[in-house]
$ cat input01.pdb   # PDB, N, CA and C atoms
ATOM      1  N   MET A   1    -108.095 -89.804 -49.782
ATOM      2  CA  MET A   1    -106.666 -89.625 -49.891
ATOM      3  C   MET A   1    -106.021 -90.952 -50.276
ATOM      4  N   LYS A   2    -104.999 -90.842 -51.098
ATOM      5  CA  LYS A   2    -104.231 -92.016 -51.503
ATOM      6  C   LYS A   2    -102.775 -91.779 -51.171
ATOM      7  N   ILE A   3    -102.076 -92.857 -50.805
ATOM      8  CA  ILE A   3    -100.662 -92.772 -50.482
ATOM      9  C   ILE A   3     -99.890 -93.495 -51.585
ATOM     10  N   TYR A   4     -98.871 -92.799 -52.130
ATOM     11  CA  TYR A   4     -98.023 -93.361 -53.166
ATOM     12  C   TYR A   4     -96.584 -93.341 -52.687
ATOM     13  N   LYS A   5     -95.783 -94.306 -53.151
ATOM     14  CA  LYS A   5     -94.348 -94.290 -52.899
ATOM     15  C   LYS A   5     -93.680 -93.816 -54.183
ATOM     16  N   VAL A   6     -92.799 -92.822 -54.055
ATOM     17  CA  VAL A   6     -92.111 -92.230 -55.193
ATOM     18  C   VAL A   6     -90.611 -92.300 -54.937
ATOM     19  N   LYS A   7     -89.846 -92.738 -55.947
ATOM     20  CA  LYS A   7     -88.392 -92.808 -55.818
ATOM     21  C   LYS A   7     -87.785 -91.664 -56.613
ATOM     22  N   VAL A   8     -87.022 -90.801 -55.931
ATOM     23  CA  VAL A   8     -86.370 -89.661 -56.557
ATOM     24  C   VAL A   8     -84.894 -89.696 -56.212
ATOM     25  N   ASN A   9     -84.040 -89.776 -57.227
ATOM     26  CA  ASN A   9     -82.585 -89.829 -57.029
ATOM     27  C   ASN A   9     -82.172 -90.899 -56.024
ATOM     28  N   GLY A  10     -82.807 -92.065 -56.083
ATOM     29  CA  GLY A  10     -82.436 -93.178 -55.226
ATOM     30  C   GLY A  10     -83.061 -93.161 -53.845
ATOM     31  N   LYS A  11     -83.824 -92.118 -53.499
ATOM     32  CA  LYS A  11     -84.476 -92.048 -52.196
ATOM     33  C   LYS A  11     -85.976 -92.269 -52.369
ATOM     34  N   VAL A  12     -86.570 -93.051 -51.465
ATOM     35  CA  VAL A  12     -87.991 -93.370 -51.543
ATOM     36  C   VAL A  12     -88.762 -92.447 -50.610
ATOM     37  N   TYR A  13     -89.823 -91.849 -51.137
ATOM     38  CA  TYR A  13     -90.688 -90.960 -50.358
ATOM     39  C   TYR A  13     -92.120 -91.476 -50.409
ATOM     40  N   GLU A  14     -92.836 -91.345 -49.308
ATOM     41  CA  GLU A  14     -94.262 -91.620 -49.301
ATOM     42  C   GLU A  14     -94.975 -90.293 -49.492
ATOM     43  N   VAL A  15     -95.899 -90.249 -50.452
ATOM     44  CA  VAL A  15     -96.616 -89.023 -50.759
ATOM     45  C   VAL A  15     -98.099 -89.291 -50.597
ATOM     46  N   GLU A  16     -98.760 -88.464 -49.831
ATOM     47  CA  GLU A  16    -100.197 -88.570 -49.640
ATOM     48  C   GLU A  16    -100.860 -87.513 -50.510
ATOM     49  N   VAL A  17    -101.780 -87.940 -51.388
ATOM     50  CA  VAL A  17    -102.404 -87.039 -52.343
ATOM     51  C   VAL A  17    -103.913 -87.042 -52.135
ATOM     52  N   GLU A  18    -104.481 -85.852 -52.123
ATOM     53  CA  GLU A  18    -105.920 -85.701 -51.986
ATOM     54  C   GLU A  18    -106.497 -85.322 -53.338
ATOM     55  N   ALA A  19    -107.558 -86.013 -53.751
ATOM     56  CA  ALA A  19    -108.200 -85.700 -55.023
ATOM     57  C   ALA A  19    -108.906 -84.356 -54.910
ATOM     58  N   ILE A  20    -108.972 -83.619 -56.029
ATOM     59  CA  ILE A  20    -109.657 -82.331 -56.013
ATOM     60  C   ILE A  20    -110.846 -82.366 -56.965
ATOM     61  N   ASP A  21    -111.886 -81.616 -56.634
ATOM     62  CA  ASP A  21    -113.082 -81.563 -57.468
ATOM     63  C   ASP A  21    -113.068 -80.364 -58.402
ATOM     64  N   GLU A  22    -112.478 -79.278 -57.975
ATOM     65  CA  GLU A  22    -112.437 -78.066 -58.765
ATOM     66  C   GLU A  22    -110.990 -77.630 -58.966
ATOM     67  N   VAL A  23    -110.748 -76.920 -60.016
ATOM     68  CA  VAL A  23    -109.407 -76.447 -60.326
ATOM     69  C   VAL A  23    -108.931 -75.447 -59.272
ATOM     70  N   LYS A  24    -109.842 -74.746 -58.620
ATOM     71  CA  LYS A  24    -109.489 -73.718 -57.650
ATOM     72  C   LYS A  24    -108.895 -74.299 -56.366
ATOM     73  N   GLU A  25    -109.220 -75.555 -56.056
ATOM     74  CA  GLU A  25    -108.726 -76.163 -54.819
ATOM     75  C   GLU A  25    -107.250 -76.537 -54.964
ATOM     76  N   THR A  26    -106.592 -76.726 -53.836
ATOM     77  CA  THR A  26    -105.188 -77.120 -53.856
ATOM     78  C   THR A  26    -105.051 -78.579 -53.451
ATOM     79  N   ILE A  27    -103.945 -79.159 -53.859
ATOM     80  CA  ILE A  27    -103.642 -80.538 -53.483
ATOM     81  C   ILE A  27    -102.724 -80.493 -52.276
ATOM     82  N   LYS A  28    -103.083 -81.229 -51.240
ATOM     83  CA  LYS A  28    -102.256 -81.301 -50.043
ATOM     84  C   LYS A  28    -101.337 -82.508 -50.168
ATOM     85  N   THR A  29    -100.067 -82.285 -49.956
ATOM     86  CA  THR A  29     -99.108 -83.395 -49.999
ATOM     87  C   THR A  29     -98.259 -83.386 -48.746
ATOM     88  N   GLU A  30     -97.850 -84.555 -48.358
ATOM     89  CA  GLU A  30     -96.961 -84.718 -47.211
ATOM     90  C   GLU A  30     -95.937 -85.761 -47.604
ATOM     91  N   THR A  31     -94.667 -85.472 -47.405
ATOM     92  CA  THR A  31     -93.630 -86.432 -47.764
ATOM     93  C   THR A  31     -92.833 -86.821 -46.531
ATOM     94  N   LYS A  32     -92.397 -88.060 -46.534
ATOM     95  CA  LYS A  32     -91.468 -88.511 -45.506
ATOM     96  C   LYS A  32     -90.563 -89.550 -46.139
ATOM     97  N   GLU A  33     -89.288 -89.468 -45.815
ATOM     98  CA  GLU A  33     -88.297 -90.360 -46.399
ATOM     99  C   GLU A  33     -88.387 -91.721 -45.714
ATOM    100  N   THR A  34     -88.300 -92.789 -46.512
ATOM    101  CA  THR A  34     -88.293 -94.137 -45.963
ATOM    102  C   THR A  34     -87.040 -94.850 -46.435
ATOM    103  N   GLU A  35     -86.608 -95.856 -45.706
ATOM    104  CA  GLU A  35     -85.433 -96.627 -46.078
ATOM    105  C   GLU A  35     -85.815 -97.677 -47.112
ATOM    106  N   SER A  36     -84.884 -98.020 -47.972
ATOM    107  CA  SER A  36     -85.129 -99.046 -48.974
ATOM    108  C   SER A  36     -85.230-100.428 -48.341
ATOM    109  N   VAL A  37     -84.362-100.701 -47.381
ATOM    110  CA  VAL A  37     -84.322-102.007 -46.746
ATOM    111  C   VAL A  37     -84.215-101.820 -45.246
ATOM    112  N   LYS A  38     -84.968-102.592 -44.495
ATOM    113  CA  LYS A  38     -84.884-102.544 -43.042
ATOM    114  C   LYS A  38     -84.343-103.878 -42.552
ATOM    115  N   SER A  39     -83.226-103.841 -41.842
ATOM    116  CA  SER A  39     -82.580-105.076 -41.415
ATOM    117  C   SER A  39     -83.206-105.660 -40.164
ATOM    118  N   GLU A  40     -83.903-104.868 -39.382
ATOM    119  CA  GLU A  40     -84.551-105.301 -38.143
ATOM    120  C   GLU A  40     -83.553-105.938 -37.176
ATOM    121  N   GLY A  41     -82.302-105.484 -37.199
ATOM    122  CA  GLY A  41     -81.311-105.924 -36.233
ATOM    123  C   GLY A  41     -80.685-107.270 -36.517
ATOM    124  N   THR A  42     -80.967-107.875 -37.653
ATOM    125  CA  THR A  42     -80.386-109.170 -37.984
ATOM    126  C   THR A  42     -79.404-108.999 -39.130
ATOM    127  N   ASN A  43     -78.749-110.066 -39.511
ATOM    128  CA  ASN A  43     -77.827-110.026 -40.643
ATOM    129  C   ASN A  43     -78.510-110.513 -41.908
ATOM    130  N   GLN A  44     -79.756-110.145 -42.086
ATOM    131  CA  GLN A  44     -80.505-110.544 -43.264
ATOM    132  C   GLN A  44     -80.941-109.316 -44.038
ATOM    133  N   ILE A  45     -80.817-109.395 -45.356
ATOM    134  CA  ILE A  45     -81.344-108.337 -46.211
ATOM    135  C   ILE A  45     -82.715-108.821 -46.663
ATOM    136  N   ILE A  46     -83.727-108.066 -46.286
ATOM    137  CA  ILE A  46     -85.129-108.445 -46.479
ATOM    138  C   ILE A  46     -85.710-107.695 -47.676
ATOM    139  N   ALA A  47     -86.557-108.354 -48.451
ATOM    140  CA  ALA A  47     -87.223-107.701 -49.578
ATOM    141  C   ALA A  47     -88.212-106.664 -49.053
ATOM    142  N   PRO A  48     -88.050-105.399 -49.444
ATOM    143  CA  PRO A  48     -88.980-104.367 -48.989
ATOM    144  C   PRO A  48     -90.265-104.341 -49.810
ATOM    145  N   ILE A  49     -90.260-105.039 -50.959
ATOM    146  CA  ILE A  49     -91.409-105.069 -51.861
ATOM    147  C   ILE A  49     -91.461-106.427 -52.545
ATOM    148  N   ALA A  50     -92.621-106.743 -53.108
ATOM    149  CA  ALA A  50     -92.751-107.949 -53.920
ATOM    150  C   ALA A  50     -92.359-107.604 -55.349
ATOM    151  N   GLY A  51     -91.745-108.549 -56.037
ATOM    152  CA  GLY A  51     -91.359-108.301 -57.425
ATOM    153  C   GLY A  51     -90.525-109.437 -57.975
ATOM    154  N   LYS A  52     -89.812-109.144 -59.067
ATOM    155  CA  LYS A  52     -88.970-110.140 -59.734
ATOM    156  C   LYS A  52     -87.516-109.674 -59.662
ATOM    157  N   VAL A  53     -86.623-110.607 -59.323
ATOM    158  CA  VAL A  53     -85.192-110.305 -59.232
ATOM    159  C   VAL A  53     -84.636-110.138 -60.646
ATOM    160  N   LEU A  54     -84.110-108.931 -60.938
ATOM    161  CA  LEU A  54     -83.515-108.662 -62.248
ATOM    162  C   LEU A  54     -82.008-108.886 -62.247
ATOM    163  N   ASP A  55     -81.348-108.559 -61.129
ATOM    164  CA  ASP A  55     -79.891-108.656 -61.077
ATOM    165  C   ASP A  55     -79.437-108.834 -59.636
ATOM    166  N   ILE A  56     -78.414-109.643 -59.439
ATOM    167  CA  ILE A  56     -77.784-109.811 -58.134
ATOM    168  C   ILE A  56     -76.367-109.267 -58.272
ATOM    169  N   LYS A  57     -76.031-108.258 -57.486
ATOM    170  CA  LYS A  57     -74.773-107.522 -57.639
ATOM    171  C   LYS A  57     -73.627-108.092 -56.802
ATOM    172  N   VAL A  58     -73.887-109.125 -55.986
ATOM    173  CA  VAL A  58     -72.860-109.699 -55.115
ATOM    174  C   VAL A  58     -72.838-111.220 -55.275
ATOM    175  N   ASN A  59     -71.746-111.817 -54.778
ATOM    176  CA  ASN A  59     -71.599-113.275 -54.771
ATOM    177  C   ASN A  59     -71.309-113.725 -53.348
ATOM    178  N   VAL A  60     -71.498-115.016 -53.081
ATOM    179  CA  VAL A  60     -71.161-115.567 -51.773
ATOM    180  C   VAL A  60     -69.680-115.321 -51.515
ATOM    181  N   GLY A  61     -69.363-114.801 -50.324
ATOM    182  CA  GLY A  61     -67.987-114.498 -49.954
ATOM    183  C   GLY A  61     -67.610-113.040 -50.123
ATOM    184  N   ASP A  62     -68.397-112.278 -50.886
ATOM    185  CA  ASP A  62     -68.107-110.853 -51.086
ATOM    186  C   ASP A  62     -68.327-110.069 -49.791
ATOM    187  N   VAL A  63     -67.508-109.030 -49.594
ATOM    188  CA  VAL A  63     -67.682-108.115 -48.466
ATOM    189  C   VAL A  63     -68.624-107.000 -48.919
ATOM    190  N   VAL A  64     -69.646-106.730 -48.097
ATOM    191  CA  VAL A  64     -70.660-105.736 -48.416
ATOM    192  C   VAL A  64     -70.576-104.603 -47.408
ATOM    193  N   LYS A  65     -70.661-103.378 -47.889
ATOM    194  CA  LYS A  65     -70.656-102.187 -47.030
ATOM    195  C   LYS A  65     -72.079-101.651 -46.892
ATOM    196  N   LYS A  66     -72.344-100.992 -45.790
ATOM    197  CA  LYS A  66     -73.642-100.361 -45.562
ATOM    198  C   LYS A  66     -73.945 -99.396 -46.703
ATOM    199  N   GLY A  67     -75.146 -99.498 -47.285
ATOM    200  CA  GLY A  67     -75.558 -98.622 -48.370
ATOM    201  C   GLY A  67     -75.223 -99.144 -49.757
ATOM    202  N   GLN A  68     -74.483-100.245 -49.831
ATOM    203  CA  GLN A  68     -74.109-100.820 -51.122
ATOM    204  C   GLN A  68     -75.310-101.513 -51.765
ATOM    205  N   THR A  69     -75.501-101.312 -53.060
ATOM    206  CA  THR A  69     -76.566-101.990 -53.790
ATOM    207  C   THR A  69     -76.177-103.448 -53.971
ATOM    208  N   VAL A  70     -77.060-104.358 -53.531
ATOM    209  CA  VAL A  70     -76.771-105.785 -53.614
ATOM    210  C   VAL A  70     -77.671-106.504 -54.618
ATOM    211  N   MET A  71     -78.795-105.863 -54.987
ATOM    212  CA  MET A  71     -79.751-106.534 -55.850
ATOM    213  C   MET A  71     -80.662-105.507 -56.511
ATOM    214  N   ILE A  72     -81.228-105.874 -57.664
ATOM    215  CA  ILE A  72     -82.226-105.053 -58.345
ATOM    216  C   ILE A  72     -83.498-105.891 -58.442
ATOM    217  N   ILE A  73     -84.607-105.331 -57.962
ATOM    218  CA  ILE A  73     -85.913-106.002 -58.039
ATOM    219  C   ILE A  73     -86.854-105.123 -58.857
ATOM    220  N   GLU A  74     -87.540-105.742 -59.822
ATOM    221  CA  GLU A  74     -88.534-105.018 -60.607
ATOM    222  C   GLU A  74     -89.898-105.206 -59.959
ATOM    223  N   ALA A  75     -90.580-104.089 -59.742
ATOM    224  CA  ALA A  75     -91.930-104.126 -59.196
ATOM    225  C   ALA A  75     -92.747-103.057 -59.910
ATOM    226  N   MET A  76     -93.856-103.443 -60.490
ATOM    227  CA  MET A  76     -94.745-102.514 -61.184
ATOM    228  C   MET A  76     -93.996-101.721 -62.252
ATOM    229  N   LYS A  77     -93.159-102.408 -63.032
ATOM    230  CA  LYS A  77     -92.400-101.826 -64.140
ATOM    231  C   LYS A  77     -91.311-100.854 -63.698
ATOM    232  N   LEU A  78     -90.989-100.806 -62.405
ATOM    233  CA  LEU A  78     -89.920 -99.956 -61.889
ATOM    234  C   LEU A  78     -88.801-100.820 -61.345
ATOM    235  N   GLU A  79     -87.557-100.412 -61.595
ATOM    236  CA  GLU A  79     -86.409-101.123 -61.050
ATOM    237  C   GLU A  79     -86.040-100.507 -59.706
ATOM    238  N   ASN A  80     -85.970-101.327 -58.672
ATOM    239  CA  ASN A  80     -85.685-100.872 -57.315
ATOM    240  C   ASN A  80     -84.343-101.436 -56.862
ATOM    241  N   GLU A  81     -83.444-100.548 -56.441
ATOM    242  CA  GLU A  81     -82.143-100.975 -55.932
ATOM    243  C   GLU A  81     -82.298-101.370 -54.469
ATOM    244  N   ILE A  82     -81.911-102.588 -54.152
ATOM    245  CA  ILE A  82     -81.966-103.070 -52.778
ATOM    246  C   ILE A  82     -80.568-102.889 -52.194
ATOM    247  N   GLN A  83     -80.493-102.175 -51.086
ATOM    248  CA  GLN A  83     -79.206-101.852 -50.482
ATOM    249  C   GLN A  83     -79.074-102.511 -49.121
ATOM    250  N   SER A  84     -77.838-102.837 -48.774
ATOM    251  CA  SER A  84     -77.551-103.406 -47.464
ATOM    252  C   SER A  84     -77.641-102.307 -46.413
ATOM    253  N   SER A  85     -78.200-102.627 -45.273
ATOM    254  CA  SER A  85     -78.301-101.630 -44.205
ATOM    255  C   SER A  85     -77.209-101.817 -43.155
ATOM    256  N   PHE A  86     -76.234-102.701 -43.449
ATOM    257  CA  PHE A  86     -75.102-102.896 -42.540
ATOM    258  C   PHE A  86     -73.945-103.548 -43.284
ATOM    259  N   ASP A  87     -72.768-103.541 -42.674
ATOM    260  CA  ASP A  87     -71.581-104.177 -43.251
ATOM    261  C   ASP A  87     -71.603-105.680 -42.967
ATOM    262  N   GLY A  88     -70.964-106.463 -43.820
ATOM    263  CA  GLY A  88     -70.844-107.899 -43.569
ATOM    264  C   GLY A  88     -70.291-108.629 -44.781
ATOM    265  N   ARG A  89     -70.195-109.946 -44.652
ATOM    266  CA  ARG A  89     -69.739-110.809 -45.748
ATOM    267  C   ARG A  89     -70.928-111.679 -46.152
ATOM    268  N   VAL A  90     -71.136-111.828 -47.460
ATOM    269  CA  VAL A  90     -72.266-112.604 -47.972
ATOM    270  C   VAL A  90     -72.062-114.079 -47.636
ATOM    271  N   ALA A  91     -72.964-114.625 -46.819
ATOM    272  CA  ALA A  91     -72.897-116.034 -46.439
ATOM    273  C   ALA A  91     -73.801-116.881 -47.331
ATOM    274  N   ARG A  92     -74.956-116.321 -47.717
ATOM    275  CA  ARG A  92     -75.916-117.091 -48.507
ATOM    276  C   ARG A  92     -76.779-116.127 -49.322
ATOM    277  N   ILE A  93     -77.052-116.510 -50.564
ATOM    278  CA  ILE A  93     -78.000-115.789 -51.414
ATOM    279  C   ILE A  93     -79.178-116.726 -51.629
ATOM    280  N   ASN A  94     -80.366-116.313 -51.191
ATOM    281  CA  ASN A  94     -81.536-117.196 -51.173
ATOM    282  C   ASN A  94     -82.410-117.116 -52.417
ATOM    283  N   VAL A  95     -82.044-116.293 -53.396
ATOM    284  CA  VAL A  95     -82.841-116.145 -54.617
ATOM    285  C   VAL A  95     -81.922-116.186 -55.831
ATOM    286  N   ASN A  96     -82.512-116.339 -57.002
ATOM    287  CA  ASN A  96     -81.774-116.328 -58.265
ATOM    288  C   ASN A  96     -82.343-115.234 -59.159
ATOM    289  N   VAL A  97     -81.590-114.852 -60.191
ATOM    290  CA  VAL A  97     -82.116-113.919 -61.180
ATOM    291  C   VAL A  97     -83.351-114.562 -61.808
ATOM    292  N   GLY A  98     -84.435-113.804 -61.876
ATOM    293  CA  GLY A  98     -85.699-114.310 -62.415
ATOM    294  C   GLY A  98     -86.664-114.802 -61.349
ATOM    295  N   SER A  99     -86.188-114.937 -60.107
ATOM    296  CA  SER A  99     -87.061-115.396 -59.021
ATOM    297  C   SER A  99     -88.109-114.338 -58.680
ATOM    298  N   ASP A 100     -89.310-114.796 -58.378
ATOM    299  CA  ASP A 100     -90.336-113.906 -57.845
ATOM    300  C   ASP A 100     -90.188-113.892 -56.331
ATOM    301  N   VAL A 101     -90.188-112.705 -55.741
ATOM    302  CA  VAL A 101     -90.055-112.583 -54.286
ATOM    303  C   VAL A 101     -91.260-111.853 -53.724
ATOM    304  N   ARG A 102     -91.564-112.152 -52.474
ATOM    305  CA  ARG A 102     -92.646-111.477 -51.766
ATOM    306  C   ARG A 102     -92.052-110.496 -50.776
ATOM    307  N   ASN A 103     -92.864-109.562 -50.342
ATOM    308  CA  ASN A 103     -92.465-108.601 -49.322
ATOM    309  C   ASN A 103     -91.997-109.357 -48.082
ATOM    310  N   LYS A 104     -90.857-108.972 -47.543
ATOM    311  CA  LYS A 104     -90.256-109.526 -46.326
ATOM    312  C   LYS A 104     -89.591-110.881 -46.512
ATOM    313  N   ASP A 105     -89.435-111.360 -47.760
ATOM    314  CA  ASP A 105     -88.636-112.562 -47.994
ATOM    315  C   ASP A 105     -87.164-112.236 -47.681
ATOM    316  N   VAL A 106     -86.445-113.235 -47.162
ATOM    317  CA  VAL A 106     -85.012-113.057 -46.909
ATOM    318  C   VAL A 106     -84.278-113.258 -48.225
ATOM    319  N   LEU A 107     -83.617-112.197 -48.694
ATOM    320  CA  LEU A 107     -82.915-112.254 -49.973
ATOM    321  C   LEU A 107     -81.482-112.729 -49.803
ATOM    322  N   ILE A 108     -80.760-112.106 -48.876
ATOM    323  CA  ILE A 108     -79.341-112.388 -48.666
ATOM    324  C   ILE A 108     -79.062-112.453 -47.172
ATOM    325  N   GLU A 109     -78.205-113.385 -46.779
ATOM    326  CA  GLU A 109     -77.777-113.488 -45.387
ATOM    327  C   GLU A 109     -76.305-113.122 -45.304
ATOM    328  N   LEU A 110     -75.976-112.266 -44.356
ATOM    329  CA  LEU A 110     -74.586-111.825 -44.140
ATOM    330  C   LEU A 110     -74.060-112.409 -42.842
ATOM    331  N   GLU A 111     -72.754-112.525 -42.756
ATOM    332  CA  GLU A 111     -72.141-112.984 -41.499
ATOM    333  C   GLU A 111     -71.225-111.917 -40.961
TER     334      GLU A 111
END
$ encode --input "input01.pdb" --output "structure tokens"
Amino acid sequence: MKIYKVKVNGKVYEVEVEAIDEVKETIKTETKETESVKSEGTNQIIAPIAGKVLDIKVNVGDVVKKGQTVMIIEAMKLENEIQSSFDGRVARINVNVGSDVRNKDVLIELE
């Protein structure tokens, strides 16, 4: 079995797929919705995936609402919208357009 992440209409789903040997067999799938960004109770927006920053949608001092797209990260030829998981004001942006980021890097700090 292999697990894939699929983005449909802005929502990310984990899909587990079983390979089949014959056409007569069926493929078993299981989906569960996952969040794009997990704040872990802090005022930091954390990178949910590794990739390259394509666009930063906010500036220092901007007010951000929960669910607002703050950044676009390209990973494996797909553009991923990074959304804030809470309200706040942008205190610091720790990356630039073109920066390579790793999973769990702090992208933006809110106050």
$ residues_around --input "input01.pdb" --residues "A:Lys57" --least-positions-apart "3" --cutoff "12 Å" --atoms "only C-alpha atoms" --output "compact mmCIF listing (two decimals) with N, CA and C atoms, in the frame of the given file"
# COMPACT_ATOMS: atom_id res chain seq x y z
N VAL A 53 -86.62 -110.61 -59.32
CA VAL A 53 -85.19 -110.30 -59.23
C VAL A 53 -84.64 -110.14 -60.65
N LEU A 54 -84.11 -108.93 -60.94
CA LEU A 54 -83.52 -108.66 -62.25
C LEU A 54 -82.01 -108.89 -62.25
N VAL A 60 -71.50 -115.02 -53.08
CA VAL A 60 -71.16 -115.57 -51.77
C VAL A 60 -69.68 -115.32 -51.52
N ASP A 62 -68.40 -112.28 -50.89
CA ASP A 62 -68.11 -110.85 -51.09
C ASP A 62 -68.33 -110.07 -49.79
N VAL A 63 -67.51 -109.03 -49.59
CA VAL A 63 -67.68 -108.12 -48.47
C VAL A 63 -68.62 -107.00 -48.92
N VAL A 64 -69.65 -106.73 -48.10
CA VAL A 64 -70.66 -105.74 -48.42
C VAL A 64 -70.58 -104.60 -47.41
N GLN A 68 -74.48 -100.24 -49.83
CA GLN A 68 -74.11 -100.82 -51.12
C GLN A 68 -75.31 -101.51 -51.76
N THR A 69 -75.50 -101.31 -53.06
CA THR A 69 -76.57 -101.99 -53.79
C THR A 69 -76.18 -103.45 -53.97
N VAL A 70 -77.06 -104.36 -53.53
CA VAL A 70 -76.77 -105.78 -53.61
C VAL A 70 -77.67 -106.50 -54.62
N MET A 71 -78.80 -105.86 -54.99
CA MET A 71 -79.75 -106.53 -55.85
C MET A 71 -80.66 -105.51 -56.51
N ILE A 72 -81.23 -105.87 -57.66
CA ILE A 72 -82.23 -105.05 -58.34
C ILE A 72 -83.50 -105.89 -58.44
N ILE A 73 -84.61 -105.33 -57.96
CA ILE A 73 -85.91 -106.00 -58.04
C ILE A 73 -86.85 -105.12 -58.86
N GLU A 81 -83.44 -100.55 -56.44
CA GLU A 81 -82.14 -100.98 -55.93
C GLU A 81 -82.30 -101.37 -54.47
N ILE A 82 -81.91 -102.59 -54.15
CA ILE A 82 -81.97 -103.07 -52.78
C ILE A 82 -80.57 -102.89 -52.19
N GLN A 83 -80.49 -102.18 -51.09
CA GLN A 83 -79.21 -101.85 -50.48
C GLN A 83 -79.07 -102.51 -49.12
N SER A 84 -77.84 -102.84 -48.77
CA SER A 84 -77.55 -103.41 -47.46
C SER A 84 -77.64 -102.31 -46.41
N VAL A 90 -71.14 -111.83 -47.46
CA VAL A 90 -72.27 -112.60 -47.97
C VAL A 90 -72.06 -114.08 -47.64
N ILE A 93 -77.05 -116.51 -50.56
CA ILE A 93 -78.00 -115.79 -51.41
C ILE A 93 -79.18 -116.73 -51.63
N ASN A 96 -82.51 -116.34 -57.00
CA ASN A 96 -81.77 -116.33 -58.26
C ASN A 96 -82.34 -115.23 -59.16
N VAL A 97 -81.59 -114.85 -60.19
CA VAL A 97 -82.12 -113.92 -61.18
C VAL A 97 -83.35 -114.56 -61.81
N ILE A 108 -80.76 -112.11 -48.88
CA ILE A 108 -79.34 -112.39 -48.67
C ILE A 108 -79.06 -112.45 -47.17
$ resolve_selection --input "input01.pdb" --expression "the PyMOL selection byres ((chain A and resi 111) around 8)" --output "PyMOL selection string"
chain A and resi 43-44+87-92+108-110
$ atom_distance --input "input01.pdb" --atom1 "atom C of A:Gly61" --atom2 "atom N of A:Val106"
19.1 Å
$ atom_distance --input "input01.pdb" --atom1 "atom N of A:Gly10" --atom2 "atom C of A:Lys65"
17.1 Å
$ closest_residue --input "input01.pdb" --among "A:Glu79, A:Gly51, A:Val58, A:Glu74" --to "A:Arg102" --atoms "only N, CA and C atoms"
A:Gly51
$ atom_distance --input "input01.pdb" --atom1 "atom CA of A:Val101" --atom2 "atom CA of A:Lys52"
6.1 Å
$ resolve_selection --input "input01.pdb" --expression "the PyMOL selection byres ((chain A and resi 3) around 6.5)" --output "count of residues only"
8
$ closest_residue --input "input01.pdb" --among "A:Asn9, A:Met76, A:Pro48, A:Phe86" --to "A:Leu107" --atoms "only C-alpha atoms"
A:Pro48
